[in-house]
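Read through the structure below, which is laid out as structure tokens, and then see the notes.
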Amino acid sequence: MHIVWADEITSFKAMTTFKEFYNSHGIGMFDSLIGHTALKLDMPIYSFNEKHYKKISGLTVIKPYKK
């Protein structure tokens, strides 16, 4: 497993998204940080939680399997 640490810019963007959309869309700080880190790495997110991640512009969310 490869561990990726968020840099200062990614952390700042995550905090900004969290502050802006926590009350209106329920995005958590960890979801925001994971989403912005994936965006920086140009990778998709595999999750059923599309509601939280849709506020991160440019991020691709893929459902991991059919329920």
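We name chains A, B, ... following the order of the structure tokens; residues begin at 1 in each chain, and ligands are numbered from 1 as shown.
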
Would you please extract all alpha helix (DSSP H) residues from chain A, as assigned by DSSP on the backbone, and give them as a CSV table (one decimal) with N, CA and C atoms, in the first residue's frame?
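Below is the file result.csv, written as the result:
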chain,number,residue,atom,x,y,z
A,8,GLU,N,0.2,21.2,1.9
A,8,GLU,CA,-0.4,22.4,2.5
A,8,GLU,C,-1.5,23.0,1.6
A,9,ILE,N,-1.3,23.0,0.3
A,9,ILE,CA,-2.3,23.6,-0.6
A,9,ILE,C,-3.6,22.7,-0.7
A,10,THR,N,-3.3,21.3,-0.7
A,10,THR,CA,-4.5,20.4,-0.8
A,10,THR,C,-5.2,20.5,0.5
A,11,SER,N,-4.6,20.6,1.7
A,11,SER,CA,-5.2,20.7,3.0
A,11,SER,C,-6.0,22.0,3.1
A,12,PHE,N,-5.5,23.1,2.5
A,12,PHE,CA,-6.2,24.4,2.5
A,12,PHE,C,-7.5,24.3,1.7
A,13,LYS,N,-7.4,23.7,0.5
A,13,LYS,CA,-8.6,23.5,-0.4
A,13,LYS,C,-9.6,22.6,0.3
A,14,ALA,N,-9.2,21.6,1.0
A,14,ALA,CA,-10.1,20.7,1.7
A,14,ALA,C,-10.8,21.4,2.8
A,15,MET,N,-10.1,22.2,3.6
A,15,MET,CA,-10.7,23.0,4.6
A,15,MET,C,-11.7,24.0,4.1
A,16,THR,N,-11.4,24.6,3.0
A,16,THR,CA,-12.3,25.6,2.4
A,16,THR,C,-13.6,24.9,1.9
A,17,THR,N,-13.5,23.8,1.3
A,17,THR,CA,-14.6,23.1,0.8
A,17,THR,C,-15.5,22.6,2.0
A,18,PHE,N,-14.8,22.1,3.1
A,18,PHE,CA,-15.5,21.7,4.3
A,18,PHE,C,-16.3,22.8,4.9
A,19,LYS,N,-15.6,24.0,5.1
A,19,LYS,CA,-16.3,25.1,5.7
A,19,LYS,C,-17.5,25.6,4.8
A,20,GLU,N,-17.4,25.5,3.5
A,20,GLU,CA,-18.4,26.0,2.6
A,20,GLU,C,-19.6,25.1,2.5
A,21,PHE,N,-19.4,23.8,2.6
A,21,PHE,CA,-20.4,22.8,2.3
A,21,PHE,C,-20.8,21.9,3.4
A,22,TYR,N,-20.2,22.1,4.6
A,22,TYR,CA,-20.6,21.2,5.7
A,22,TYR,C,-22.0,21.3,6.1
A,23,ASN,N,-22.5,22.5,6.3
A,23,ASN,CA,-23.9,22.7,6.7
A,23,ASN,C,-24.9,22.3,5.6
A,24,SER,N,-24.6,22.7,4.4
A,24,SER,CA,-25.6,22.5,3.3
A,24,SER,C,-25.6,21.1,2.7
A,25,HIS,N,-24.4,20.5,2.7
A,25,HIS,CA,-24.3,19.2,2.1
A,25,HIS,C,-23.8,18.1,3.0
A,29,MET,N,-14.8,16.6,7.0
A,29,MET,CA,-13.5,17.0,6.8
A,29,MET,C,-12.6,15.9,6.1
A,30,PHE,N,-12.8,14.7,6.5
A,30,PHE,CA,-12.1,13.6,5.9
A,30,PHE,C,-12.5,13.4,4.5
A,31,ASP,N,-13.8,13.4,4.2
A,31,ASP,CA,-14.3,13.3,2.8
A,31,ASP,C,-13.7,14.4,1.9
A,32,SER,N,-13.6,15.6,2.5
A,32,SER,CA,-13.1,16.7,1.7
A,32,SER,C,-11.6,16.5,1.5
A,33,LEU,N,-10.9,16.1,2.5
A,33,LEU,CA,-9.4,15.9,2.3
A,33,LEU,C,-9.1,14.7,1.3
A,34,ILE,N,-9.9,13.7,1.4
A,34,ILE,CA,-9.7,12.5,0.5
A,34,ILE,C,-10.0,13.0,-0.9
A,35,GLY,N,-11.1,13.7,-1.1
A,35,GLY,CA,-11.5,14.1,-2.4
A,35,GLY,C,-10.5,15.1,-3.0
A,36,HIS,N,-10.0,16.0,-2.3
A,36,HIS,CA,-9.0,17.0,-2.8
A,36,HIS,C,-7.7,16.3,-3.1
A,37,THR,N,-7.3,15.3,-2.3
A,37,THR,CA,-6.1,14.6,-2.5
A,37,THR,C,-6.2,13.7,-3.8
A,38,ALA,N,-7.3,13.1,-4.0
A,38,ALA,CA,-7.6,12.3,-5.2
A,38,ALA,C,-7.5,13.2,-6.4
A,39,LEU,N,-8.1,14.4,-6.3
A,39,LEU,CA,-8.1,15.4,-7.4
A,39,LEU,C,-6.7,15.8,-7.8
A,40,LYS,N,-5.9,16.1,-6.7
A,40,LYS,CA,-4.5,16.4,-7.0
A,40,LYS,C,-3.7,15.3,-7.7
A,50,GLU,N,-21.9,9.9,-3.2
A,50,GLU,CA,-21.8,10.9,-4.3
A,50,GLU,C,-22.2,12.3,-3.7
A,51,LYS,N,-23.1,12.3,-2.8
A,51,LYS,CA,-23.6,13.6,-2.3
A,51,LYS,C,-22.5,14.5,-1.8
A,52,HIS,N,-21.6,13.9,-1.0
A,52,HIS,CA,-20.5,14.7,-0.4
A,52,HIS,C,-19.5,15.1,-1.4
A,53,TYR,N,-19.1,14.2,-2.3
A,53,TYR,CA,-18.0,14.5,-3.2
A,53,TYR,C,-18.4,15.3,-4.4

Those in chain A with strand (DSSP E) from DSSP, as a PyMOL selection string: chain A and resi 45-46+61-62

CA of Lys55 in chain A to CA of Val4 in chain A measures 22.1 Å

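The space between CA of Pro64 in chain A and CA of Phe48 in chain A spans 7.3 Å.
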
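One finds CA of Leu41 in chain A at 27.8 Å from CA of Lys67 in chain A.
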